[in-house]
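The data block below is run_0.txt; it holds compact mmCIF, C-alpha atoms and all ligand atoms.
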```txt
# COMPACT_ATOMS: atom_id res chain seq x y z
CA MET A 1 0.00 0.00 0.00
CA ILE A 2 1.27 3.50 -0.79
CA SER A 3 1.15 5.69 2.29
CA ARG A 4 -0.38 9.12 2.28
CA ARG A 5 3.12 10.50 2.72
CA GLY A 6 4.26 8.49 -0.32
CA VAL A 7 1.40 9.85 -2.40
CA LEU A 8 2.19 13.43 -1.40
CA LEU A 9 5.89 12.95 -2.09
CA ALA A 10 5.10 11.40 -5.46
CA ALA A 11 3.01 14.47 -6.25
CA GLY A 12 6.03 16.65 -5.44
CA LEU A 13 4.47 18.14 -2.35
CA SER A 14 6.33 18.60 0.88
CA VAL A 15 4.86 16.84 3.88
CA LEU A 16 4.24 19.14 6.79
CA PRO A 17 3.09 17.63 10.05
CA SER A 18 -0.01 19.82 9.87
CA VAL A 19 -1.29 18.10 6.74
CA LEU A 20 -1.25 14.69 8.36
CA PRO A 21 -4.35 13.62 10.26
CA SER A 22 -3.86 14.35 13.92
CA ARG A 23 -5.65 11.32 15.33
CA ALA A 24 -4.33 8.58 13.11
CA VAL A 25 -1.21 8.12 11.02
CA ALA A 26 -1.02 6.18 7.78
CA ALA A 27 -0.58 2.47 8.43
CA PRO A 28 -0.91 -0.77 6.53
CA VAL A 29 -4.48 -2.06 6.35
CA ILE A 30 -3.68 -4.64 9.03
CA VAL A 31 -0.74 -3.94 11.33
CA LYS A 32 0.14 -7.39 12.64
CA PRO A 33 2.00 -9.95 10.49
CA LEU A 34 -0.30 -12.27 8.53
CA PRO A 35 1.78 -15.41 7.91
CA ASP A 36 0.30 -17.69 5.29
CA THR A 37 0.39 -20.56 7.78
CA ASP A 38 -2.08 -18.75 10.06
CA PHE A 39 -4.28 -16.63 7.79
CA ILE A 40 -6.23 -16.50 4.55
CA VAL A 41 -6.30 -12.85 3.47
CA HIS A 42 -9.44 -11.42 1.81
CA GLY A 43 -8.83 -7.77 0.84
CA THR A 44 -8.77 -5.68 4.05
CA ASN A 45 -9.65 -8.77 6.12
CA ALA A 46 -7.86 -11.92 7.25
CA GLU A 47 -9.40 -15.15 8.49
CA THR A 48 -7.72 -17.62 10.83
CA ARG A 49 -6.74 -20.97 9.35
CA TRP A 50 -8.36 -23.67 11.45
CA GLU A 51 -5.32 -25.93 11.24
CA ALA A 52 -3.35 -23.13 12.96
CA LEU A 53 -5.51 -23.55 16.09
CA ARG A 54 -4.59 -27.20 16.59
CA GLY A 55 -2.53 -27.47 19.76
CA THR A 56 -3.53 -24.03 21.01
CA GLY A 57 -5.70 -23.56 24.09
CA SER A 58 -9.24 -22.30 24.41
CA LEU A 59 -8.29 -18.65 23.90
CA THR A 60 -7.32 -17.76 20.34
CA PRO A 61 -3.73 -16.49 20.51
CA VAL A 62 -3.91 -12.78 19.64
CA PRO A 63 -1.44 -13.11 16.70
CA LYS A 64 -3.82 -15.68 15.13
CA PHE A 65 -7.10 -13.83 15.79
CA PHE A 66 -9.03 -12.94 12.60
CA VAL A 67 -9.26 -9.29 11.53
CA ARG A 68 -12.24 -7.70 9.85
CA ASN A 69 -11.57 -4.09 8.82
CA HIS A 70 -13.93 -1.98 6.72
CA THR A 71 -10.97 0.29 5.91
CA SER A 72 -7.68 0.01 7.76
CA THR A 73 -6.38 -0.19 11.29
CA PRO A 74 -5.87 3.34 12.69
CA LEU A 75 -2.94 3.95 15.04
CA LEU A 76 -4.56 5.95 17.81
CA ASP A 77 -2.73 7.94 20.45
CA ALA A 78 -3.66 6.61 23.89
CA THR A 79 -2.92 9.89 25.69
CA SER A 80 -5.23 12.06 23.58
CA TRP A 81 -7.92 9.38 23.05
CA ARG A 82 -11.30 10.04 24.64
CA LEU A 83 -14.58 8.22 24.81
CA GLU A 84 -17.52 10.62 24.54
CA ILE A 85 -20.87 9.51 25.94
CA HIS A 86 -23.58 11.94 24.89
CA GLY A 87 -27.10 12.35 23.53
CA SER A 88 -30.67 12.91 24.67
CA GLY A 89 -30.65 9.63 26.62
CA VAL A 90 -28.10 10.75 29.21
CA ALA A 91 -28.37 13.51 31.82
CA ARG A 92 -24.60 13.92 32.38
CA PRO A 93 -22.53 13.56 29.19
CA LEU A 94 -19.12 12.04 29.89
CA SER A 95 -15.73 12.43 28.27
CA LEU A 96 -13.37 9.72 29.52
CA SER A 97 -9.65 9.32 28.97
CA LEU A 98 -8.07 5.87 28.88
CA ARG A 99 -6.77 6.53 32.37
CA ASP A 100 -10.32 7.38 33.56
CA LEU A 101 -11.62 4.18 32.00
CA ARG A 102 -8.89 2.04 33.58
CA ALA A 103 -9.59 3.59 36.99
CA LEU A 104 -13.18 2.33 36.98
CA PRO A 105 -14.15 -1.10 38.37
CA SER A 106 -13.38 -3.68 35.69
CA CYS A 107 -14.74 -7.08 34.82
CA SER A 108 -13.74 -9.72 32.34
CA VAL A 109 -15.56 -12.12 30.08
CA GLU A 110 -14.46 -14.95 27.81
CA ALA A 111 -16.39 -14.48 24.59
CA VAL A 112 -16.30 -15.34 20.94
CA ILE A 113 -16.36 -12.56 18.37
CA GLU A 114 -17.58 -13.85 15.03
CA CYS A 115 -18.36 -12.06 11.81
CA ALA A 116 -22.00 -12.31 10.65
CA GLY A 117 -20.64 -13.55 7.32
CA ASN A 118 -18.48 -16.34 8.76
CA GLY A 119 -19.04 -19.45 6.62
CA ARG A 120 -20.49 -17.36 3.78
CA SER A 121 -18.55 -19.20 1.04
CA PHE A 122 -20.50 -22.39 1.85
CA PHE A 123 -23.73 -20.82 0.61
CA THR A 124 -22.05 -21.10 -2.79
CA THR A 125 -19.87 -24.21 -2.55
CA GLN A 126 -22.33 -26.30 -0.53
CA GLN A 127 -25.74 -24.89 -1.46
CA GLY A 128 -25.06 -23.56 -4.98
CA GLN A 129 -26.29 -20.04 -4.12
CA THR A 130 -24.85 -16.67 -5.13
CA VAL A 131 -24.32 -14.25 -2.24
CA SER A 132 -22.43 -10.94 -1.87
CA GLY A 133 -19.64 -10.22 0.61
CA THR A 134 -16.29 -11.61 1.79
CA PRO A 135 -16.13 -15.35 0.99
CA TRP A 136 -15.07 -16.49 4.45
CA LYS A 137 -14.66 -20.17 5.21
CA LEU A 138 -15.05 -20.80 8.95
CA GLY A 139 -12.15 -18.68 10.23
CA ALA A 140 -13.87 -15.32 10.85
CA VAL A 141 -14.21 -16.18 14.53
CA GLY A 142 -12.00 -16.03 17.60
CA ASN A 143 -12.37 -16.52 21.33
CA ALA A 144 -10.67 -14.22 23.82
CA ARG A 145 -10.79 -13.09 27.42
CA TRP A 146 -11.77 -9.44 27.33
CA ARG A 147 -11.32 -7.05 30.26
CA GLY A 148 -12.88 -3.65 30.56
CA VAL A 149 -15.72 -1.68 32.06
CA SER A 150 -19.34 -2.76 31.88
CA LEU A 151 -21.23 -0.55 29.43
CA GLY A 152 -24.13 -0.53 31.90
CA LEU A 153 -21.88 1.07 34.52
CA LEU A 154 -20.72 3.76 32.06
CA LEU A 155 -24.29 4.54 31.03
CA ARG A 156 -25.37 4.86 34.65
CA LEU A 157 -22.42 7.16 35.36
CA ALA A 158 -23.62 9.30 32.47
CA GLY A 159 -27.08 9.52 34.03
CA LEU A 160 -28.93 7.14 31.72
CA ARG A 161 -32.55 8.26 31.38
CA ARG A 162 -35.37 5.74 31.69
CA SER A 163 -36.61 7.00 28.35
CA ALA A 164 -33.38 6.05 26.55
CA VAL A 165 -33.89 3.39 23.87
CA ASP A 166 -30.77 3.10 21.70
CA VAL A 167 -26.99 3.43 21.97
CA LEU A 168 -24.91 4.16 18.86
CA PRO A 169 -21.22 3.31 19.25
CA ALA A 170 -18.95 4.78 16.55
CA GLY A 171 -15.40 3.86 15.60
CA LEU A 172 -12.45 6.20 15.02
CA ASP A 173 -11.26 4.41 11.89
CA ALA A 174 -11.64 6.19 8.54
CA GLU A 175 -15.09 6.83 7.11
CA TYR A 176 -16.24 3.92 4.98
CA VAL A 177 -16.69 4.72 1.30
CA THR A 178 -18.22 2.07 -0.92
CA GLY A 179 -19.58 2.32 -4.46
CA GLY A 180 -18.71 6.04 -4.41
CA VAL A 181 -20.90 6.68 -1.35
CA ASN A 182 -19.47 7.77 1.99
CA LEU A 183 -21.32 5.90 4.74
CA GLY A 184 -19.41 7.70 7.50
CA ARG A 185 -17.83 6.18 10.58
CA VAL A 186 -18.40 2.47 11.20
CA ARG A 187 -21.25 2.47 13.71
CA ARG A 188 -24.21 0.34 14.58
CA PRO A 189 -27.06 0.91 17.04
CA LEU A 190 -27.60 -1.35 20.03
CA PRO A 191 -30.82 -1.37 22.08
CA VAL A 192 -30.39 -0.14 25.67
CA SER A 193 -31.65 -3.53 26.90
CA LYS A 194 -28.61 -5.34 25.41
CA ALA A 195 -26.28 -2.47 26.38
CA LEU A 196 -27.30 -2.96 30.02
CA ASP A 197 -27.03 -6.74 29.85
CA ASP A 198 -23.51 -8.08 29.22
CA VAL A 199 -21.71 -5.56 27.00
CA LEU A 200 -18.15 -4.48 27.83
CA VAL A 201 -16.02 -1.51 26.83
CA ALA A 202 -12.86 -3.61 26.64
CA TYR A 203 -9.26 -2.39 26.82
CA GLU A 204 -7.57 -5.78 27.30
CA MET A 205 -7.53 -8.97 25.23
CA ASN A 206 -6.07 -12.18 26.72
CA GLY A 207 -4.42 -10.19 29.50
CA GLU A 208 -2.63 -7.64 27.28
CA PRO A 209 -3.67 -4.17 26.10
CA LEU A 210 -5.83 -4.45 22.97
CA PRO A 211 -3.54 -4.51 19.93
CA PRO A 212 -4.14 -1.93 17.18
CA ASP A 213 -5.94 -4.35 14.83
CA HIS A 214 -8.46 -5.35 17.47
CA GLY A 215 -9.50 -1.87 18.56
CA PHE A 216 -6.80 -0.13 20.64
CA PRO A 217 -7.33 1.60 22.95
CA ALA A 218 -10.90 0.36 23.55
CA ARG A 219 -13.63 -1.56 21.77
CA LEU A 220 -17.10 -2.81 22.49
CA VAL A 221 -17.54 -6.54 23.16
CA VAL A 222 -21.13 -7.65 22.61
CA PRO A 223 -21.28 -11.35 23.55
CA GLY A 224 -23.44 -13.61 21.38
CA TRP A 225 -24.12 -10.95 18.77
CA VAL A 226 -22.63 -10.69 15.29
CA GLY A 227 -19.14 -9.14 15.15
CA ILE A 228 -20.27 -5.79 13.72
CA ALA A 229 -21.87 -5.00 17.10
CA SER A 230 -18.40 -5.07 18.73
CA ILE A 231 -17.25 -1.69 17.43
CA LYS A 232 -13.44 -1.30 17.50
CA TRP A 233 -11.49 1.94 18.14
CA LEU A 234 -14.50 3.20 20.06
CA GLY A 235 -14.68 7.01 20.07
CA SER A 236 -18.24 7.82 21.04
CA LEU A 237 -21.49 6.40 22.31
CA GLU A 238 -24.60 8.36 21.44
CA VAL A 239 -27.49 7.50 23.73
CA SER A 240 -30.91 8.48 22.46
CA GLU A 241 -34.54 8.66 23.49
CA SER A 242 -35.52 7.90 19.90
CA ALA A 243 -34.45 5.03 17.64
CA LEU A 244 -31.00 5.42 16.07
CA HIS A 245 -29.94 3.98 12.73
CA SER A 246 -26.91 3.63 10.49
CA PRO A 247 -26.22 1.83 7.21
CA TRP A 248 -24.98 -1.04 9.38
CA ASP A 249 -28.52 -1.80 10.54
CA THR A 250 -30.59 -0.51 7.61
CA GLN A 251 -28.54 -1.60 4.58
CA TYR A 252 -26.18 -4.29 5.90
CA TYR A 253 -26.75 -7.00 8.48
CA ARG A 254 -30.30 -7.64 7.35
CA LEU A 255 -31.56 -10.98 6.07
CA LEU A 256 -32.89 -10.22 2.59
CA GLY A 257 -34.32 -12.62 0.04
CA PRO A 258 -37.45 -14.43 -1.10
CA THR A 259 -38.32 -15.86 2.33
CA TYR A 260 -37.86 -12.55 4.23
CA PRO A 261 -39.97 -9.37 4.50
CA ALA A 262 -39.23 -6.72 1.83
CA ASP A 263 -37.06 -4.62 4.18
CA GLY A 264 -35.40 -7.73 5.61
CA THR A 265 -34.90 -9.01 9.15
CA LEU A 266 -32.23 -7.47 11.37
CA VAL A 267 -29.31 -9.76 12.23
CA THR A 268 -28.40 -9.73 15.93
CA SER A 269 -27.42 -13.10 17.45
CA GLN A 270 -25.04 -15.51 15.85
CA VAL A 271 -25.92 -19.11 15.00
CA ALA A 272 -24.24 -22.31 16.25
CA LYS A 273 -21.26 -23.65 14.30
CA SER A 274 -18.61 -26.37 14.43
CA ALA A 275 -15.20 -26.64 12.80
CA PHE A 276 -12.37 -29.17 12.62
CA GLU A 277 -8.84 -28.00 13.38
CA LEU A 278 -7.83 -29.15 9.92
CA GLY A 279 -6.95 -27.40 6.69
CA TRP A 280 -9.44 -27.42 3.85
CA GLY A 281 -8.64 -30.57 1.85
CA ALA A 282 -5.99 -31.56 4.41
CA VAL A 283 -3.90 -34.68 3.83
CA VAL A 284 -4.11 -36.95 6.87
CA PRO A 285 -1.90 -40.02 7.41
CA ALA A 286 -3.67 -43.38 7.45
CA GLY A 287 -4.14 -45.13 10.78
CA ARG A 288 -5.44 -44.17 14.17
CA GLN A 289 -5.96 -40.40 14.35
CA VAL A 290 -7.51 -38.03 16.84
CA LEU A 291 -9.74 -35.46 15.16
CA THR A 292 -9.99 -32.20 17.09
CA GLY A 293 -12.32 -29.27 16.66
CA ARG A 294 -14.48 -26.67 18.31
CA SER A 295 -18.20 -25.83 18.48
CA TRP A 296 -19.77 -22.60 19.62
CA SER A 297 -23.29 -21.28 20.00
CA PRO A 298 -24.83 -18.23 21.67
CA GLY A 299 -27.21 -20.67 23.38
CA GLY A 300 -24.34 -22.77 24.80
CA VAL A 301 -22.94 -26.11 23.64
CA ARG A 302 -24.36 -29.39 24.95
CA LYS A 303 -23.87 -32.28 22.52
CA VAL A 304 -21.29 -32.39 19.71
CA GLU A 305 -21.35 -35.20 17.14
CA VAL A 306 -18.94 -36.13 14.37
CA SER A 307 -19.49 -38.15 11.21
CA THR A 308 -16.56 -39.61 9.28
CA ASP A 309 -18.42 -42.01 6.97
CA GLY A 310 -21.12 -39.80 5.45
CA ARG A 311 -23.87 -41.65 7.37
CA SER A 312 -23.49 -42.29 11.08
CA TRP A 313 -22.80 -39.91 13.97
CA ARG A 314 -20.65 -40.39 17.07
CA ARG A 315 -20.45 -38.30 20.23
CA ALA A 316 -17.29 -36.18 20.45
CA THR A 317 -15.58 -35.85 23.85
CA PRO A 318 -15.41 -32.30 25.24
CA VAL A 319 -11.85 -31.15 26.02
CA SER A 320 -12.61 -27.71 27.46
CA ARG A 321 -15.56 -25.37 27.76
CA GLY A 322 -15.78 -21.56 27.79
CA GLY A 323 -16.44 -19.14 24.90
CA TRP A 324 -16.42 -22.26 22.74
CA THR A 325 -16.14 -25.98 23.39
CA ARG A 326 -13.06 -27.86 22.23
CA TRP A 327 -13.66 -31.54 21.49
CA GLN A 328 -11.97 -34.61 20.09
CA VAL A 329 -12.91 -37.93 18.58
CA PRO A 330 -10.78 -40.91 17.52
CA TRP A 331 -10.74 -41.88 13.86
CA GLN A 332 -9.37 -44.96 12.12
CA ALA A 333 -8.37 -43.26 8.87
CA THR A 334 -8.37 -45.45 5.75
CA PRO A 335 -6.70 -44.30 2.51
CA GLY A 336 -8.92 -42.35 0.11
CA GLU A 337 -11.11 -39.26 -0.03
CA HIS A 338 -13.35 -38.59 2.97
CA VAL A 339 -15.89 -36.00 4.03
CA LEU A 340 -15.88 -35.10 7.73
CA ARG A 341 -18.82 -33.44 9.43
CA ALA A 342 -19.26 -32.03 12.92
CA ARG A 343 -22.48 -30.73 14.41
CA VAL A 344 -23.59 -29.17 17.65
CA ASP A 345 -27.14 -29.43 19.04
CA GLY A 346 -29.60 -28.74 16.27
CA GLN A 347 -27.20 -27.61 13.52
CA PRO A 348 -29.24 -28.02 10.31
CA ASP A 349 -28.10 -29.56 7.00
CA GLU A 350 -29.07 -26.42 5.08
CA SER A 351 -28.89 -22.69 5.91
CA PRO A 352 -31.74 -20.38 4.85
CA TYR A 353 -30.60 -18.40 1.82
CA ASN A 354 -30.19 -14.63 2.14
CA THR A 355 -28.64 -12.40 -0.51
CA GLN A 356 -25.79 -11.11 1.69
CA GLY A 357 -24.89 -14.56 2.95
CA TYR A 358 -25.21 -13.97 6.70
CA LEU A 359 -25.57 -16.57 9.45
CA PHE A 360 -24.41 -19.70 7.65
CA GLY A 361 -25.21 -22.31 10.29
CA ALA A 362 -25.48 -25.54 8.35
CA VAL A 363 -23.21 -28.52 8.98
CA VAL A 364 -20.09 -28.02 6.85
CA ARG A 365 -18.84 -30.94 4.74
CA HIS A 366 -15.07 -30.87 5.21
CA PRO A 367 -13.05 -32.77 2.58
CA VAL A 368 -9.84 -34.59 3.59
CA THR A 369 -7.53 -37.02 1.82
CA VAL A 370 -6.07 -39.92 3.76
CA ALA A 371 -2.76 -41.00 2.26
N1 LIG A 401 -14.66 0.63 14.05
C1 LIG A 401 -14.83 -0.57 13.51
N2 LIG A 401 -15.33 -1.56 14.27
C2 LIG A 401 -15.52 -2.79 13.77
C3 LIG A 401 -15.25 -3.06 12.39
C4 LIG A 401 -14.69 -2.02 11.62
O1 LIG A 401 -14.34 -2.17 10.42
N3 LIG A 401 -14.51 -0.78 12.20
N4 LIG A 401 -15.54 -4.31 11.89
C5 LIG A 401 -16.58 -5.05 12.62
C6 LIG A 401 -16.77 -6.41 12.16
S1 LIG A 401 -17.72 -6.59 10.76
C7 LIG A 401 -16.31 -7.49 12.88
S2 LIG A 401 -16.67 -9.05 12.39
C8 LIG A 401 -15.46 -7.31 14.07
C9 LIG A 401 -14.13 -8.01 13.89
O2 LIG A 401 -13.32 -7.87 15.03
P1 LIG A 401 -11.76 -8.23 14.94
O3 LIG A 401 -11.18 -7.55 13.75
O4 LIG A 401 -11.16 -7.79 16.24
O5 LIG A 401 -11.66 -9.74 14.78
O6 LIG A 401 -15.20 -5.95 14.35
C10 LIG A 401 -16.29 -5.08 14.12
N5 LIG A 401 -15.98 -3.75 14.60
MO MO A 402 -18.22 -8.77 10.55
```

Rewrite the structure of this file - the entire thing - as structure tokens.
Ligand SMILES: Nc1nc2c(c(=O)[nH]1)N[C@H]1C(S)=C(S)[C@@H](COP(=O)(O)O)O[C@H]1N2
Ligand SMILES: [Mo]
Amino acid sequence: MISRRGVLLAAGLSVLPSVLPSRAVAAPVIVKPLPDTDFIVHGTNAETRWEALRGTGSLTPVPKFFVRNHTSTPLLDATSWRLEIHGSGVARPLSLSLRDLRALPSCSVEAVIECAGNGRSFFTTQQGQTVSGTPWKLGAVGNARWRGVSLGLLLRLAGLRRSAVDVLPAGLDAEYVTGGVNLGRVRRPLPVSKALDDVLVAYEMNGEPLPPDHGFPARLVVPGWVGIASIKWLGSLEVSESALHSPWDTQYYRLLGPTYPADGTLVTSQVAKSAFELGWGAVVPAGRQVLTGRSWSPGGVRKVEVSTDGRSWRRATPVSRGGWTRWQVPWQATPGEHVLRARVDGQPDESPYNTQGYLFGAVVRHPVTVA
């Protein structure tokens, strides 16, 4: 990528500090390294390779955690950063520094963040349907321990009014321009009921300060809801007595298509999924193997089953629980082509079609070669 400085230099202009944006400096789209062994890159986004999770614990190591950026990761200055809480729904607007935020009582939660479009490519490869959006396999998901301040506490400190209905968190990354239209800051409304339930303004991920790609210095973590709810690089929270909207709840993140109402159905919770810790089309040695994988569901994981023969199902043994459940199952692998399947309570064989390919929840048929 050519930096802004590079563009200006190429145009023969001198670069004065005053022409550079004060809040963010030019940076690559994603700051952290994206080794091919750990990631599949899709434009400004990178999904985790499932085989890269084998042998790791329940928490996704931060260097392997998927990144979904509408534009690029901003490098924000922690000392000048502020979180503004304002709007008709609060009696005492607040402007908090990172130090203020860190001085408040904190709590932590282990939670999965998963893109609404995770698994989208299977609408096409498994169901023969055409959908728009990033063709993720199953790697647009990660599980971390997040620490921060309860959003409910912040809203109460700001004098939340009983009449407040919606909260609109907005990011400090660049405005999102698509198809020649500027949609403004990445932002998406959240009803006050969810905001008061289990939402966190997080400044730590797996015990370390949030890294730039995952929202430094603070992001929202909205457990159980699609990833877009967990706004990164949080700069403001508008609280309102009337409904708030943005293109991220009116245009995107709606289920649209023949079986949905004309203006679509809003996407909020995720759906259950399962994945093997194996590459797509992996080559597995013949003989006694242990298949490992993970299942996750906003409703919790009870029973996980695996099929290795295209017909019958066996119970997998849970290895650990938490944001997701790790499991394993023995397999006597015989040479040839095989299709592995894993399913968690009630995972269907087919996902309802929607034009933007959200919420793929069907059992994925995972091809492997035993050699
Ligand atoms: N400000 C901002 N917040 C954002 C995004 C973004 O582009 N900008 N992407 C959202 C989407 S679509 C997802 S799936 C998650 C991804 O979080 P991660 O990159 O930390 O994995 O962040 C969400 N929060
Ligand atoms: Mo997403």

Would you compute, for all listed atoms of ligand LIG 401 (chain A), the axis-aligned bounding box grown by 8 Å on each side, and then report its centre and edge lengths in Å rounded to one decimal, as JSON?
```
{"center_x": -14.4, "center_y": -4.6, "center_z": 13.3, "size_x": 22.6, "size_y": 26.4, "size_z": 21.8}
```

Give the answer as one residue: which of A:Phe216, A:Phe66, A:Tyr260, A:Trp296 has the shortest atom-to-atom distance to ligand MO 402 (chain A), using only C-alpha atoms and all ligand atoms?
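Closest to ligand MO 402 (chain A) of all the choices is A:Phe66.
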
Counting only C-alpha atoms, figure out which residue out of A:Arg145, A:Trp331, A:Gly235, A:Lys303 gets nearest to Pro285 (chain A).
A:Trp331

Mind checking which residues fall within 6 Å of region 185-199 of chain A, counting all atoms listed in the file, ignoring those fewer than 3 positions away in the same chain, and posting them as a compact mmCIF listing (two decimals) with C-alpha atoms, keeping the file's coordinate frame?
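Saved as selection.txt:
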```txt
# COMPACT_ATOMS: atom_id res chain seq x y z
CA LEU A 151 -21.23 -0.55 29.43
CA GLY A 152 -24.13 -0.53 31.90
CA VAL A 165 -33.89 3.39 23.87
CA ASP A 166 -30.77 3.10 21.70
CA VAL A 167 -26.99 3.43 21.97
CA LEU A 168 -24.91 4.16 18.86
CA PRO A 169 -21.22 3.31 19.25
CA ALA A 170 -18.95 4.78 16.55
CA GLY A 171 -15.40 3.86 15.60
CA GLU A 175 -15.09 6.83 7.11
CA VAL A 221 -17.54 -6.54 23.16
CA VAL A 222 -21.13 -7.65 22.61
CA SER A 246 -26.91 3.63 10.49
CA TRP A 248 -24.98 -1.04 9.38
```

Restrict the calculation to all atoms listed in the file, then for each residue of chain A with any atom at most 8 Å from an atom of ligand LIG 401 (chain A) give the closest atom pair and their distance in Å to one decimal, rows by chain and rising residue number, as a tab-separated table.
```
residue	atom	partner	partner_atom	distance
A:Asn45	CA	A:LIG401	O3	7.9
A:Phe65	CA	A:LIG401	O5	6.2
A:Phe66	CA	A:LIG401	O5	4.7
A:Val67	CA	A:LIG401	O3	3.4
A:Arg68	CA	A:LIG401	O3	4.0
A:Asn69	CA	A:LIG401	O1	3.7
A:His70	CA	A:LIG401	O1	3.7
A:Thr71	CA	A:LIG401	O1	6.1
A:Ser72	CA	A:LIG401	O1	7.5
A:Ile113	CA	A:LIG401	O2	6.5
A:Glu114	CA	A:LIG401	S2	5.6
A:Cys115	CA	A:LIG401	S2	3.5
A:Ala116	CA	A:LIG401	S2	6.5
A:Gly117	CA	A:LIG401	S2	7.9
A:Ala140	CA	A:LIG401	S2	7.0
A:Val141	CA	A:LIG401	O5	6.9
A:Gly142	CA	A:LIG401	O5	6.9
A:Ala170	CA	A:LIG401	N1	6.5
A:Gly171	CA	A:LIG401	N1	3.7
A:Leu172	CA	A:LIG401	N1	6.1
A:Asp173	CA	A:LIG401	N1	5.5
A:Arg185	CA	A:LIG401	N1	7.3
A:Val186	CA	A:LIG401	N1	5.0
A:Arg187	CA	A:LIG401	N1	6.9
A:Asp213	CA	A:LIG401	O3	6.2
A:His214	CA	A:LIG401	O4	3.8
A:Gly215	CA	A:LIG401	O4	6.6
A:Arg219	CA	A:LIG401	N2	7.7
A:Val226	CA	A:LIG401	S2	6.8
A:Gly227	CA	A:LIG401	S2	3.7
A:Ile228	CA	A:LIG401	C6	3.9
A:Ala229	CA	A:LIG401	C10	6.3
A:Ser230	CA	A:LIG401	N5	5.0
A:Ile231	CA	A:LIG401	N2	3.7
A:Lys232	CA	A:LIG401	N2	3.8
A:Trp233	CA	A:LIG401	N1	5.3
A:Leu234	CA	A:LIG401	N1	6.5
```

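In terms of minimum interatomic distance to Gly224 (chain A), A:Ala272 ranks closest within A:Ala272, A:Ala103, A:Val239, A:Val368, counting all atoms listed in the file.
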
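The smallest atom-to-atom distance between Leu291 (chain A) and any of A:Pro217, A:Gly310, A:Gly184, A:Pro318, using only C-alpha atoms, is found for A:Pro318.
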
Counting only C-alpha atoms, the option among A:Leu278, A:Val329, A:Val62, A:Ala218 closest to Trp81 (chain A)
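For Trp81 (chain A), the nearest of the candidates is A:Ala218.
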
12 Å contact set for Val304 (chain A), all atoms listed in the file, chain neighbours under 3 positions out, as a PyMOL selection string
chain A and resi 272-276+292-297+300-301+307+313-319+324-329+341-347+363

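Excluding Ser150 (chain A) and any residue on its chain fewer than 3 positions from it, the residues at most 7 Å away by all atoms listed in the file are Cys107, Leu153, Leu154, Val199, Leu200 and Val201 of chain A.
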
Measuring atom to atom with only C-alpha atoms and all ligand atoms, identify which of A:Arg102, A:Arg311, A:Arg120, A:Arg147 is nearest to ligand MO 402 (chain A).
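That would be A:Arg120, the residue with the smallest distance to ligand MO 402 (chain A).
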
If we count all atoms listed in the file, what is near Ala164 (chain A) at a cut-off of 6 Å, once residues fewer than 3 positions away on the same chain are taken out, given as a list in words?
Gly89, Arg161, Ser240 and Glu241 of chain A

Residue contacts of His86 (chain A) (9 Å, all atoms listed in the file) excluding same-chain residues fewer than 5 positions away, as an MDAnalysis selection string:
chainID A and resid 91:95 158 236:240

Find the distance between CA of Thr268 (chain A) and CA of Gly180 (chain A) and write it in Å to one decimal.
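Atom-to-atom, CA of Thr268 (chain A) to CA of Gly180 (chain A), that is 27.5 Å.
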
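Between CA of Leu75 (chain A) and CA of Leu220 (chain A) lies a distance of 17.4 Å.
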
Grab the CA of Glu337 (chain A) to CA of Val290 (chain A) distance for me, in Å with one decimal place.
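It comes out at 17.3 Å.
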
Show me the residues close to (-9.2, 12.1, 19.8) - anything with an atom within 10 Å, counting only C-alpha atoms - and format the list as a ChimeraX atom specification.
/A:22-24,76-84,97,172,235
